[in-house]
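Quick look at input-v7.cif (mmCIF, C-alpha atoms):
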```
data_target
loop_
_atom_site.label_atom_id
_atom_site.label_comp_id
_atom_site.auth_asym_id
_atom_site.auth_seq_id
_atom_site.Cartn_x
_atom_site.Cartn_y
_atom_site.Cartn_z
CA MET A 1 116.68 81.66 111.84
CA LEU A 2 119.41 84.31 112.15
CA GLY A 3 119.20 86.57 109.10
CA PHE A 4 122.39 88.57 109.74
CA ALA A 5 125.65 86.83 110.60
CA ARG A 6 129.35 87.04 109.81
CA GLN A 7 131.04 84.91 107.19
CA ASP A 8 134.85 85.16 107.13
CA GLY A 9 134.53 88.17 109.38
CA GLU A 10 132.21 90.17 107.11
CA LEU A 11 128.53 90.75 107.85
CA HIS A 12 126.07 89.00 105.52
CA CYS A 13 122.31 88.95 105.13
CA GLU A 14 121.62 85.26 104.62
CA GLU A 15 124.15 84.34 101.92
CA VAL A 16 124.71 87.83 100.51
CA SER A 17 127.49 90.14 101.63
CA MET A 18 126.26 93.47 103.02
CA GLU A 19 129.23 95.10 101.29
CA ALA A 20 127.96 93.73 97.98
CA LEU A 21 124.49 95.09 98.75
CA ALA A 22 125.97 98.52 99.43
CA ARG A 23 127.75 98.43 96.08
CA GLY A 24 124.64 97.26 94.26
CA ALA A 25 121.89 99.29 95.95
CA GLY A 26 123.82 102.16 97.49
CA THR A 27 123.46 103.61 100.98
CA PRO A 28 121.45 104.19 102.97
CA SER A 29 119.24 101.16 102.24
CA TYR A 30 116.88 98.92 104.15
CA VAL A 31 117.80 95.24 103.84
CA TYR A 32 115.30 92.46 104.70
CA SER A 33 115.75 88.71 105.15
CA ALA A 34 112.94 86.66 103.59
CA GLY A 35 114.10 83.61 105.53
CA VAL A 36 113.58 85.27 108.92
CA ILE A 37 110.04 86.30 107.96
CA ARG A 38 109.13 82.78 106.81
CA ASP A 39 110.66 81.25 109.93
CA ARG A 40 108.76 83.53 112.30
CA TYR A 41 105.47 82.96 110.50
CA ALA A 42 105.95 79.17 110.64
CA ARG A 43 106.81 79.21 114.37
CA LEU A 44 103.84 81.38 115.32
CA ASP A 45 101.48 79.35 113.14
CA ALA A 46 102.66 76.17 114.88
CA ALA A 47 102.18 77.74 118.33
CA LEU A 48 98.51 78.35 117.51
CA ALA A 49 97.84 74.85 116.17
CA ALA A 50 95.63 73.90 119.13
CA ALA A 51 92.78 76.05 117.77
CA PRO A 52 91.33 76.88 114.34
CA HIS A 53 93.12 80.13 113.54
CA ARG A 54 94.34 82.60 110.94
CA VAL A 55 97.37 84.85 111.25
CA HIS A 56 96.88 88.35 109.83
CA TYR A 57 100.07 90.40 109.43
CA SER A 58 99.73 94.05 110.48
CA LEU A 59 100.78 96.22 107.54
CA LYS A 60 101.51 99.23 109.71
CA ALA A 61 104.79 97.59 110.79
CA ASN A 62 106.10 97.42 107.22
CA ALA A 63 103.99 97.57 104.06
CA SER A 64 106.75 96.70 101.58
CA ARG A 65 105.43 94.77 98.59
CA GLY A 66 108.36 92.39 98.82
CA ILE A 67 107.50 91.47 102.41
CA LEU A 68 103.79 91.14 101.59
CA ASP A 69 104.62 88.74 98.77
CA VAL A 70 106.65 86.54 101.14
CA LEU A 71 103.87 86.41 103.72
CA ARG A 72 101.06 85.84 101.22
CA ALA A 73 102.97 82.90 99.74
CA ALA A 74 103.36 81.47 103.25
CA GLY A 75 99.58 81.55 103.79
CA CYS A 76 99.29 84.67 105.93
CA GLY A 77 96.41 87.14 105.89
CA VAL A 78 96.72 90.86 106.64
CA ASP A 79 95.40 93.52 108.98
CA VAL A 80 95.04 97.06 107.59
CA VAL A 81 94.21 100.37 109.29
CA SER A 82 93.62 102.72 106.36
CA GLY A 83 92.29 102.85 102.83
CA GLY A 84 95.86 103.14 101.62
CA GLU A 85 96.90 99.96 103.39
CA LEU A 86 93.82 98.23 101.98
CA TYR A 87 94.89 99.34 98.50
CA ARG A 88 98.41 98.01 99.07
CA ALA A 89 97.07 94.67 100.34
CA LEU A 90 94.75 94.19 97.37
CA ARG A 91 97.52 95.20 94.96
CA ALA A 92 99.76 92.56 96.55
CA GLY A 93 97.19 89.84 95.78
CA PHE A 94 95.35 89.47 99.07
CA ARG A 95 91.63 88.80 98.71
CA GLY A 96 88.86 90.25 100.81
CA GLU A 97 88.64 87.11 102.96
CA ASP A 98 92.32 87.59 103.84
CA ILE A 99 91.85 91.11 105.19
CA LEU A 100 90.86 92.58 108.55
CA PHE A 101 90.14 96.32 108.52
CA GLY A 102 90.86 98.19 111.77
CA GLY A 103 91.75 101.70 112.83
CA VAL A 104 90.32 104.20 115.27
CA GLY A 105 89.42 106.93 112.74
CA LYS A 106 88.02 105.30 109.63
CA GLN A 107 86.57 107.75 107.12
CA GLU A 108 83.34 107.13 105.25
CA HIS A 109 85.12 106.48 101.96
CA GLU A 110 87.37 103.93 103.69
CA LEU A 111 84.34 102.06 104.99
CA ARG A 112 82.89 101.99 101.47
CA GLU A 113 86.21 100.71 100.14
CA ALA A 114 86.34 97.96 102.77
CA LEU A 115 82.81 96.84 101.91
CA ALA A 116 83.57 96.91 98.20
CA ALA A 117 86.60 94.70 98.83
CA ASP A 118 84.40 92.26 100.80
CA VAL A 119 86.85 92.17 103.71
CA LYS A 120 86.62 89.45 106.33
CA LEU A 121 85.90 91.86 109.20
CA ILE A 122 85.62 95.56 109.91
CA ASN A 123 86.71 96.04 113.50
CA VAL A 124 84.59 98.92 114.82
CA GLU A 125 86.02 101.15 117.56
CA SER A 126 83.07 103.30 118.69
CA GLU A 127 79.30 103.58 118.67
CA ALA A 128 79.52 106.51 116.25
CA GLU A 129 81.56 104.45 113.80
CA LEU A 130 79.07 101.58 114.08
CA ARG A 131 76.18 103.87 113.19
CA LEU A 132 78.10 105.33 110.24
CA LEU A 133 78.99 101.84 108.99
CA SER A 134 75.32 100.84 109.17
CA ARG A 135 74.34 103.79 106.98
CA VAL A 136 77.15 103.09 104.50
CA ALA A 137 76.31 99.39 104.30
CA VAL A 138 72.59 100.04 103.73
CA ALA A 139 73.40 102.61 101.03
CA SER A 140 75.73 100.08 99.39
CA GLY A 141 73.17 97.28 99.54
CA VAL A 142 75.42 94.96 101.55
CA VAL A 143 75.77 93.61 105.08
CA ALA A 144 78.97 94.60 106.90
CA PRO A 145 80.82 91.84 108.79
CA VAL A 146 81.64 93.51 112.10
CA GLY A 147 83.94 92.92 114.99
CA LEU A 148 83.85 95.05 118.12
CA ARG A 149 87.29 96.26 119.12
CA VAL A 150 87.09 96.37 122.88
CA ASN A 151 89.47 98.22 125.14
CA PRO A 152 89.76 95.57 127.87
CA GLU A 153 91.25 98.11 130.32
CA VAL A 154 93.95 95.78 131.58
CA ASP A 155 97.34 96.56 133.09
CA VAL A 156 99.73 97.12 130.18
CA ARG A 157 103.47 97.16 130.84
CA ASN A 158 105.77 97.77 127.91
CA ALA A 159 108.78 99.79 126.87
CA HIS A 160 107.05 103.07 125.97
CA HIS A 161 103.65 104.57 126.71
CA TYR A 162 103.15 105.43 123.01
CA ILE A 163 102.76 101.72 122.20
CA ALA A 164 100.35 100.83 125.00
CA THR A 165 96.76 100.69 123.71
CA GLY A 166 94.65 98.56 126.05
CA ALA A 167 94.61 100.46 129.35
CA ARG A 168 91.79 102.60 130.69
CA GLY A 169 91.47 105.97 128.94
CA HIS A 170 93.33 105.11 125.72
CA LYS A 171 91.80 106.35 122.47
CA PHE A 172 91.58 102.86 121.02
CA GLY A 173 88.56 100.58 121.19
CA ILE A 174 85.22 100.59 122.96
CA PRO A 175 85.54 100.84 126.76
CA VAL A 176 84.86 97.40 128.19
CA GLY A 177 82.03 98.79 130.31
CA ASP A 178 80.24 100.06 127.18
CA ALA A 179 80.92 97.08 124.93
CA LEU A 180 77.76 95.11 125.74
CA ALA A 181 75.50 98.07 124.98
CA VAL A 182 77.33 98.75 121.70
CA GLY A 183 77.09 95.06 120.83
CA LYS A 184 73.34 95.03 121.43
CA LEU A 185 73.07 98.16 119.29
CA ALA A 186 74.90 96.31 116.51
CA LEU A 187 72.26 93.58 116.66
CA SER A 188 69.52 96.16 116.11
CA LEU A 189 71.09 98.14 113.26
CA PRO A 190 70.42 97.34 109.59
CA GLY A 191 73.34 96.30 107.42
CA ILE A 192 75.38 94.99 110.37
CA ALA A 193 76.38 91.38 111.09
CA LEU A 194 78.16 91.18 114.45
CA GLN A 195 80.61 88.29 114.11
CA ALA A 196 83.60 88.97 116.35
CA VAL A 197 85.08 90.59 119.42
CA ASP A 198 88.56 92.04 119.19
CA MET A 199 91.28 93.64 121.30
CA HIS A 200 94.80 94.98 120.90
CA VAL A 201 96.46 95.72 124.23
CA GLY A 202 99.72 97.17 122.87
CA SER A 203 103.16 96.30 121.56
CA GLN A 204 106.33 94.84 123.08
CA LEU A 205 104.43 92.99 125.82
CA HIS A 206 107.07 90.91 127.59
CA SER A 207 104.50 89.60 130.06
CA PHE A 208 101.44 87.71 128.84
CA GLU A 209 99.27 88.77 131.79
CA ALA A 210 97.53 91.37 129.62
CA TYR A 211 96.60 88.68 127.07
CA SER A 212 95.24 86.43 129.79
CA ALA A 213 93.15 89.15 131.41
CA GLY A 214 92.06 90.67 128.11
CA THR A 215 90.96 87.43 126.46
CA ALA A 216 89.03 86.48 129.60
CA ARG A 217 87.01 89.67 129.19
CA LEU A 218 86.48 88.95 125.49
CA VAL A 219 85.19 85.46 126.32
CA ASP A 220 82.71 86.81 128.88
CA LEU A 221 81.48 89.48 126.45
CA SER A 222 81.14 86.97 123.60
CA ARG A 223 79.01 84.64 125.70
CA THR A 224 76.71 87.45 126.75
CA LEU A 225 76.37 88.68 123.16
CA ARG A 226 75.62 85.16 121.99
CA ASP A 227 72.85 84.94 124.56
CA ALA A 228 71.48 88.15 123.02
CA GLY A 229 71.51 86.57 119.55
CA ALA A 230 74.92 87.47 118.10
CA PRO A 231 76.45 84.75 115.88
CA ILE A 232 80.01 85.24 117.18
CA ARG A 233 82.39 83.35 114.87
CA TYR A 234 85.78 84.87 115.69
CA MET A 235 87.88 86.07 118.59
CA ASP A 236 90.64 88.50 117.62
CA SER A 237 93.38 88.78 120.24
CA GLY A 238 95.34 91.44 118.33
CA GLY A 239 99.10 91.67 118.09
CA GLY A 240 101.83 92.88 120.43
CA LEU A 241 104.31 90.00 120.51
CA PRO A 242 107.69 91.43 121.53
CA VAL A 243 111.04 91.24 119.81
CA PRO A 244 114.45 91.69 121.48
CA TYR A 245 116.25 94.90 120.54
CA SER A 246 119.08 94.53 123.05
CA ASP A 247 119.50 91.73 125.59
CA GLU A 248 115.81 90.84 126.00
CA GLU A 249 114.64 87.27 125.46
CA GLU A 250 112.53 86.06 122.56
CA PRO A 251 108.86 85.57 123.51
CA ASP A 252 107.68 82.20 124.71
CA LEU A 253 105.40 81.35 121.80
CA ALA A 254 104.14 78.17 123.43
CA ALA A 255 102.96 80.09 126.50
CA TYR A 256 101.36 82.79 124.38
CA GLY A 257 99.69 80.21 122.14
CA ALA A 258 98.29 78.33 125.14
CA ILE A 259 96.56 81.47 126.44
CA VAL A 260 94.92 82.66 123.24
CA THR A 261 93.98 79.23 121.85
CA ALA A 262 92.37 78.19 125.14
CA ALA A 263 90.22 81.33 125.07
CA ALA A 264 89.14 80.73 121.47
CA ASN A 265 88.45 77.05 122.09
CA SER A 266 86.28 77.85 125.11
CA LEU A 267 83.98 79.68 122.67
CA GLY A 268 84.34 77.25 119.77
CA VAL A 269 85.42 80.08 117.44
CA GLU A 270 88.23 80.79 115.00
CA LEU A 271 91.16 82.63 116.56
CA LEU A 272 92.54 85.67 114.73
CA VAL A 273 95.89 87.25 115.61
CA GLU A 274 97.52 90.40 114.19
CA PRO A 275 101.33 90.34 114.63
CA GLY A 276 103.42 92.94 112.85
CA ARG A 277 106.71 93.76 114.56
CA PHE A 278 107.26 90.09 115.49
CA PHE A 279 107.54 89.05 111.85
CA VAL A 280 109.66 91.83 110.42
CA ALA A 281 111.69 93.71 113.04
CA ALA A 282 114.57 91.23 113.27
CA ALA A 283 114.33 90.59 109.53
CA GLY A 284 115.56 94.09 108.72
CA ALA A 285 118.74 96.17 108.97
CA LEU A 286 119.42 99.74 107.91
CA LEU A 287 122.66 99.83 105.94
CA THR A 288 124.45 103.18 106.24
CA ARG A 289 127.88 104.59 105.46
CA VAL A 290 129.93 106.80 107.78
CA LEU A 291 130.50 110.12 106.00
CA TYR A 292 132.68 111.81 108.61
CA ARG A 293 134.25 111.08 111.97
CA LYS A 294 134.19 114.31 113.96
CA GLU A 295 135.84 115.10 117.28
CA THR A 296 134.32 118.04 119.17
CA GLY A 297 133.66 118.98 122.80
CA ASN A 298 135.32 115.80 124.10
CA LYS A 299 132.86 113.76 122.03
CA THR A 300 133.26 111.63 118.95
CA TYR A 301 130.56 111.74 116.29
CA LEU A 302 130.10 109.26 113.49
CA ILE A 303 128.12 111.27 110.94
CA CYS A 304 126.30 108.85 108.64
CA ASP A 305 124.23 109.10 105.48
CA ALA A 306 121.19 107.77 107.41
CA GLY A 307 119.47 109.55 110.26
CA MET A 308 116.08 110.35 111.74
CA THR A 309 114.54 110.73 108.27
CA GLU A 310 115.29 107.04 107.66
CA LEU A 311 114.86 105.68 111.22
CA LEU A 312 112.76 107.78 113.59
CA ARG A 313 112.54 105.29 116.46
CA PRO A 314 115.69 106.32 118.42
CA SER A 315 114.60 109.97 118.49
CA HIS A 316 110.84 109.39 118.82
CA TYR A 317 110.75 106.40 121.21
CA ASP A 318 114.23 106.57 122.77
CA ALA A 319 114.64 103.16 121.12
CA PHE A 320 117.81 101.09 121.21
CA HIS A 321 119.07 99.46 118.01
CA ARG A 322 122.22 97.38 117.96
CA ILE A 323 124.81 98.80 115.56
CA GLU A 324 127.86 97.03 114.16
CA PRO A 325 130.34 97.55 111.32
CA VAL A 326 129.96 95.44 108.20
CA ALA A 327 133.72 94.83 108.07
CA THR A 328 135.53 92.74 110.68
CA PRO A 329 135.34 94.65 113.98
CA VAL A 330 138.62 95.97 115.39
CA GLY A 331 139.44 98.29 118.29
CA GLU A 332 137.11 100.23 120.57
CA LEU A 333 135.30 103.55 120.42
CA VAL A 334 132.53 105.44 122.23
CA ALA A 335 130.62 107.72 119.88
CA ASP A 336 127.31 109.32 119.00
CA VAL A 337 126.05 107.81 115.75
CA VAL A 338 124.17 110.63 114.04
CA GLY A 339 122.72 111.55 110.67
CA PRO A 340 122.99 114.55 108.34
CA VAL A 341 119.64 116.13 109.25
CA CYS A 342 119.60 119.65 110.70
CA GLU A 343 118.23 118.65 114.12
CA SER A 344 120.02 117.92 117.38
CA GLY A 345 117.52 115.08 117.76
CA ASP A 346 118.89 113.43 114.63
CA PHE A 347 120.67 110.39 116.02
CA LEU A 348 120.75 106.62 115.75
CA ALA A 349 122.66 106.05 119.01
CA LEU A 350 124.18 108.17 121.78
CA ASP A 351 127.37 107.39 123.70
CA ARG A 352 127.46 103.96 122.08
CA ALA A 353 130.40 101.58 122.58
CA LEU A 354 131.49 100.41 119.13
CA PRO A 355 134.51 99.06 117.30
CA ASP A 356 136.93 101.71 116.02
CA VAL A 357 134.98 102.90 112.96
CA HIS A 358 136.24 105.49 110.48
CA ALA A 359 134.83 107.55 107.61
CA GLY A 360 133.89 105.46 104.60
CA GLU A 361 133.01 102.33 106.57
CA LEU A 362 129.60 100.65 106.52
CA LEU A 363 127.38 100.19 109.56
CA ALA A 364 124.37 97.92 110.00
CA VAL A 365 121.61 99.20 112.30
CA HIS A 366 119.75 96.07 113.37
CA THR A 367 116.12 95.16 114.15
CA THR A 368 114.82 97.94 111.91
CA GLY A 369 112.43 95.93 109.74
CA ALA A 370 109.43 97.22 111.73
CA TYR A 371 108.51 100.90 111.96
CA GLY A 372 111.57 101.90 109.94
CA TYR A 373 110.84 102.62 106.29
CA VAL A 374 107.11 103.14 106.96
CA MET A 375 107.89 106.01 109.35
CA SER A 376 110.56 107.61 107.15
CA SER A 377 110.09 111.14 105.87
CA HIS A 378 111.16 113.75 103.33
CA TYR A 379 112.32 116.19 106.00
CA ASN A 380 115.23 118.30 104.72
CA ALA A 381 114.06 117.27 101.22
CA ARG A 382 115.69 113.86 101.53
CA PRO A 383 114.48 111.21 99.07
CA ARG A 384 113.41 107.97 100.70
CA VAL A 385 115.82 105.06 100.51
CA PRO A 386 115.41 101.72 98.69
CA GLU A 387 114.20 98.49 100.22
CA VAL A 388 116.19 95.36 99.39
CA LEU A 389 114.92 91.81 99.89
CA VAL A 390 117.40 88.96 100.31
CA ASP A 391 116.34 85.35 99.79
CA GLY A 392 119.18 82.88 100.24
CA SER A 393 121.92 83.79 97.77
CA ARG A 394 119.80 86.18 95.68
CA TRP A 395 118.61 89.71 96.27
CA ALA A 396 116.43 92.34 94.64
CA VAL A 397 115.56 95.99 95.08
CA VAL A 398 111.82 95.76 95.84
CA THR A 399 111.33 99.50 96.39
CA ALA A 400 113.45 101.88 94.34
CA ARG A 401 115.40 104.79 95.77
CA GLU A 402 113.48 108.02 95.29
CA THR A 403 114.90 110.81 93.16
CA TYR A 404 114.78 114.58 93.57
CA ALA A 405 112.00 114.57 90.99
CA ASP A 406 109.90 112.39 93.30
CA LEU A 407 110.08 115.11 95.95
CA VAL A 408 108.17 117.58 93.75
CA ARG A 409 106.08 115.17 91.69
CA LEU A 410 102.77 116.22 93.26
CA GLU A 411 103.45 119.94 93.27
CA ASP A 412 101.62 122.15 90.78
CA PRO A 413 103.74 125.13 89.72
CA SER A 414 100.69 126.69 88.01
CA PRO A 415 97.76 125.98 90.32
CA THR A 416 94.16 126.78 89.43
CA TRP A 417 93.05 129.61 91.72
CA ARG A 418 89.45 129.77 92.97
CA GLN A 419 87.39 132.48 94.61
CA GLY A 420 85.60 132.15 97.96
#
```

For the file at hand, write its structure as structure tokens.
Amino acid sequence: MLGFARQDGELHCEEVSMEALARGAGTPSYVYSAGVIRDRYARLDAALAAAPHRVHYSLKANASRGILDVLRAAGCGVDVVSGGELYRALRAGFRGEDILFGGVGKQEHELREALAADVKLINVESEAELRLLSRVAVASGVVAPVGLRVNPEVDVRNAHHYIATGARGHKFGIPVGDALAVGKLALSLPGIALQAVDMHVGSQLHSFEAYSAGTARLVDLSRTLRDAGAPIRYMDSGGGLPVPYSDEEEPDLAAYGAIVTAAANSLGVELLVEPGRFFVAAAGALLTRVLYRKETGNKTYLICDAGMTELLRPSHYDAFHRIEPVATPVGELVADVVGPVCESGDFLALDRALPDVHAGELLAVHTTGAYGYVMSSHYNARPRVPEVLVDGSRWAVVTARETYADLVRLEDPSPTWRQG
């Protein structure tokens, strides 16, 4: 499904005019298509039909309550990596059995919270974490359902080294050479039930070689752990499915599904997957208005009301996002599309070929549903923008625009001073 398309020349999200959304919600705003999210969930779910499976959406991509409601209604579970994300998932109606708890630096209180929520799995990333979880579980009088997140140390090729997580030396997961020893330790510790092996090799993987090599190592490890007495019930192949930001192709879901379902079926276990970006990136657009068109130093700048505080990816990852005017495109222009933040690194696009856009016009910055709002900030004391969900011909503000008062809400003008 294509969430953003032109009707009579004007850009719409599903059946709602982006101009109408700008009038109703203001700019800048994040706009999400519920239809795109449902469509992507249905297509991935179908691609995994050859094996018993459960899809768990990764909240770190976008934790908006509106998006969580759409996915929960579709039958999706969730993957969380912090106590805060666990809180958001529970508040959105997900039950413990719907939740996987991951993350490389879980704190003791987060482990207690995960056990109290009776989550499906806690994916452990080190021997030290496993020992801490054992102590917390015993103190809580429960048994922790554990998966071992293994770093399979495979060749990972993607767009940026920040989003590669499964190669040798990365901070994530248990090195594959240590995984058997940690697994055997899990079998000996009180309060631990070793039920799964897990990996996440990175994001934006346009080749499935890493999945093939990584799952092969998970299968071998699972068989050895079973021989040692571990009741392995799940194989978690992580996330990482790519989305096109420019002229890339959509991932071949059938090929991906064939790899991961064959691995799970060879063990006779339930397959777990953790997509995030794949569901929501193309479902979102950042709607922004051009404040000024500025000519200086033989360059043209389109200075917008959205910048790096709303969308960090261009500055942080050198990421490309397609940009187009909401109105019917006319003419040609090459410009830097920048924001109002006091940083030279505050840009949405550099030397971008665009239609001839002027001050007051609306722009849509596409494929921003993932790692957009969740990475936004208050830098320069800028309130965070609203999130708008569109579903067919109706729309709603699902996250309100912050006010100046929200910026200082947690500050104490008369703090209690202590000695020592």

Length of the CA of Gly297 in chain A to CA of Pro325 in chain A vector [Å]: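 Taking CA of Gly297 in chain A and CA of Pro325 in chain A, their separation equals 24.5 Å.
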
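Distance-wise, CA of Tyr371 in chain A and CA of Arg322 in chain A end up 15.4 Å apart.
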
For each of A:Asp305, A:Leu48, A:His358, A:Leu363, take the minimum atom-to-atom distance to Ile259 in chain A, counting only C-alpha atoms, then give the residue where this is smallest. A:Leu48

How far is it from CA of Ala254 in chain A to CA of Ile37 in chain A, in Å with one decimal? 18.4 Å

Enumerate, as a list in words, the residues matched when the PyMOL selection byres ((chain A and resi 172-183) around 6) is run on the file above. Glu125, Ser126, Arg149, Val150, Asn151, Pro152, His170, Lys171, Lys184, Leu185 and Ala186 of chain A

Counting all atoms listed in the file, the residue of A:Ala49, A:Ala5, A:Ile122, A:Ala281 that sits nearest Ala262 in chain A: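 Under the stated criterion, the closest residue is A:Ala49.
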
Name the residues captured by the PyMOL selection byres ((chain A and resi 95) around 12) when it is applied to the shown file; answer as a PyMOL selection string. chain A and resi 72+75-79+86-94+96-100+114+116-120

A:Thr300, A:Pro190, A:Cys342, A:Glu361 ranked by distance to Val326 in chain A, top pick (using only C-alpha atoms): A:Glu361

Which residues match the PyMOL selection byres ((chain A and resi 65) around 12) in the file above, as a ChimeraX atom specification? /A:32,59,62-64,66-72,85,87-94,374,387-389,396-400

For Trp395 in chain A, please output as an mmCIF file with C-alpha atoms, in the frame of the given file all residues within 12 Å (counting only C-alpha atoms; exclusion window: fewer than 2 positions along the same chain).
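As a result, around-v2.cif now contains:
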```cif
data_model
loop_
_atom_site.group_PDB
_atom_site.id
_atom_site.type_symbol
_atom_site.label_atom_id
_atom_site.label_comp_id
_atom_site.auth_asym_id
_atom_site.auth_seq_id
_atom_site.Cartn_x
_atom_site.Cartn_y
_atom_site.Cartn_z
ATOM 1 C CA HIS A 12 126.070 89.000 105.520
ATOM 2 C CA CYS A 13 122.310 88.950 105.130
ATOM 3 C CA GLU A 14 121.620 85.260 104.620
ATOM 4 C CA GLU A 15 124.150 84.340 101.920
ATOM 5 C CA VAL A 16 124.710 87.830 100.510
ATOM 6 C CA SER A 17 127.490 90.140 101.630
ATOM 7 C CA MET A 18 126.260 93.470 103.020
ATOM 8 C CA ALA A 20 127.960 93.730 97.980
ATOM 9 C CA LEU A 21 124.490 95.090 98.750
ATOM 10 C CA ALA A 22 125.970 98.520 99.430
ATOM 11 C CA GLY A 24 124.640 97.260 94.260
ATOM 12 C CA ALA A 25 121.890 99.290 95.950
ATOM 13 C CA VAL A 31 117.800 95.240 103.840
ATOM 14 C CA TYR A 32 115.300 92.460 104.700
ATOM 15 C CA SER A 33 115.750 88.710 105.150
ATOM 16 C CA ALA A 34 112.940 86.660 103.590
ATOM 17 C CA GLY A 35 114.100 83.610 105.530
ATOM 18 C CA GLY A 66 108.360 92.390 98.820
ATOM 19 C CA GLU A 387 114.200 98.490 100.220
ATOM 20 C CA VAL A 388 116.190 95.360 99.390
ATOM 21 C CA LEU A 389 114.920 91.810 99.890
ATOM 22 C CA VAL A 390 117.400 88.960 100.310
ATOM 23 C CA ASP A 391 116.340 85.350 99.790
ATOM 24 C CA GLY A 392 119.180 82.880 100.240
ATOM 25 C CA SER A 393 121.920 83.790 97.770
ATOM 26 C CA VAL A 397 115.560 95.990 95.080
ATOM 27 C CA VAL A 398 111.820 95.760 95.840
#
```

Rank nothing, just name the residue among A:Thr288, A:Ser315, A:Asn123, A:Ser140 nearest to His366 in chain A, using only C-alpha atoms.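 Once distances to His366 in chain A are computed over only C-alpha atoms, the minimum belongs to A:Thr288.
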
Pick from A:Asp8, A:Ala137, A:Val154, A:Gly307: nearest to His109 in chain A, with only C-alpha atoms counted? A:Ala137

Which one is closest to Ala282 in chain A: A:Leu348, A:Met1, A:Leu253, A:Val330? Count only C-alpha atoms.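 Going through A:Leu348, A:Met1, A:Leu253, A:Val330 one by one, the smallest distance to Ala282 in chain A is for A:Met1.
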
Will you model N, CA and C atoms for range 173-188 of chain A and pass it back as a PDB file, in the coordinates of the input?
```pdb
ATOM      1  N   GLY A 173      89.551 101.556 120.778  1.00  0.00           N
ATOM      2  CA  GLY A 173      88.560 100.580 121.190  1.00  0.00           C
ATOM      3  C   GLY A 173      87.391 101.141 121.972  1.00  0.00           C
ATOM      4  N   ILE A 174      86.425 100.275 122.190  1.00  0.00           N
ATOM      5  CA  ILE A 174      85.220 100.590 122.960  1.00  0.00           C
ATOM      6  C   ILE A 174      85.492 100.242 124.417  1.00  0.00           C
ATOM      7  N   PRO A 175      85.315 101.177 125.347  1.00  0.00           N
ATOM      8  CA  PRO A 175      85.540 100.840 126.760  1.00  0.00           C
ATOM      9  C   PRO A 175      84.787  99.576 127.146  1.00  0.00           C
ATOM     10  N   VAL A 176      85.441  98.705 127.896  1.00  0.00           N
ATOM     11  CA  VAL A 176      84.860  97.400 128.190  1.00  0.00           C
ATOM     12  C   VAL A 176      83.496  97.536 128.872  1.00  0.00           C
ATOM     13  N   GLY A 177      83.313  98.598 129.651  1.00  0.00           N
ATOM     14  CA  GLY A 177      82.030  98.790 130.310  1.00  0.00           C
ATOM     15  C   GLY A 177      80.901  99.177 129.372  1.00  0.00           C
ATOM     16  N   ASP A 178      81.249  99.657 128.177  1.00  0.00           N
ATOM     17  CA  ASP A 178      80.240 100.060 127.180  1.00  0.00           C
ATOM     18  C   ASP A 178      80.038  99.007 126.094  1.00  0.00           C
ATOM     19  N   ALA A 179      80.886  97.997 126.073  1.00  0.00           N
ATOM     20  CA  ALA A 179      80.920  97.080 124.930  1.00  0.00           C
ATOM     21  C   ALA A 179      79.616  96.302 124.765  1.00  0.00           C
ATOM     22  N   LEU A 180      78.998  95.883 125.864  1.00  0.00           N
ATOM     23  CA  LEU A 180      77.760  95.110 125.740  1.00  0.00           C
ATOM     24  C   LEU A 180      76.662  95.962 125.117  1.00  0.00           C
ATOM     25  N   ALA A 181      76.533  97.195 125.544  1.00  0.00           N
ATOM     26  CA  ALA A 181      75.500  98.070 124.980  1.00  0.00           C
ATOM     27  C   ALA A 181      75.751  98.320 123.505  1.00  0.00           C
ATOM     28  N   VAL A 182      77.016  98.531 123.112  1.00  0.00           N
ATOM     29  CA  VAL A 182      77.330  98.750 121.700  1.00  0.00           C
ATOM     30  C   VAL A 182      77.067  97.468 120.908  1.00  0.00           C
ATOM     31  N   GLY A 183      77.381  96.324 121.504  1.00  0.00           N
ATOM     32  CA  GLY A 183      77.090  95.060 120.830  1.00  0.00           C
ATOM     33  C   GLY A 183      75.614  94.851 120.605  1.00  0.00           C
ATOM     34  N   LYS A 184      74.796  95.163 121.594  1.00  0.00           N
ATOM     35  CA  LYS A 184      73.340  95.030 121.430  1.00  0.00           C
ATOM     36  C   LYS A 184      72.826  96.023 120.393  1.00  0.00           C
ATOM     37  N   LEU A 185      73.435  97.211 120.338  1.00  0.00           N
ATOM     38  CA  LEU A 185      73.070  98.160 119.290  1.00  0.00           C
ATOM     39  C   LEU A 185      73.377  97.581 117.916  1.00  0.00           C
ATOM     40  N   ALA A 186      74.517  96.926 117.789  1.00  0.00           N
ATOM     41  CA  ALA A 186      74.900  96.310 116.510  1.00  0.00           C
ATOM     42  C   ALA A 186      73.854  95.304 116.054  1.00  0.00           C
ATOM     43  N   LEU A 187      73.277  94.579 117.012  1.00  0.00           N
ATOM     44  CA  LEU A 187      72.260  93.580 116.660  1.00  0.00           C
ATOM     45  C   LEU A 187      70.978  94.231 116.155  1.00  0.00           C
ATOM     46  N   SER A 188      70.763  95.487 116.500  1.00  0.00           N
ATOM     47  CA  SER A 188      69.520  96.160 116.110  1.00  0.00           C
ATOM     48  C   SER A 188      69.654  96.998 114.838  1.00  0.00           C
TER      49      SER A 188
END
```
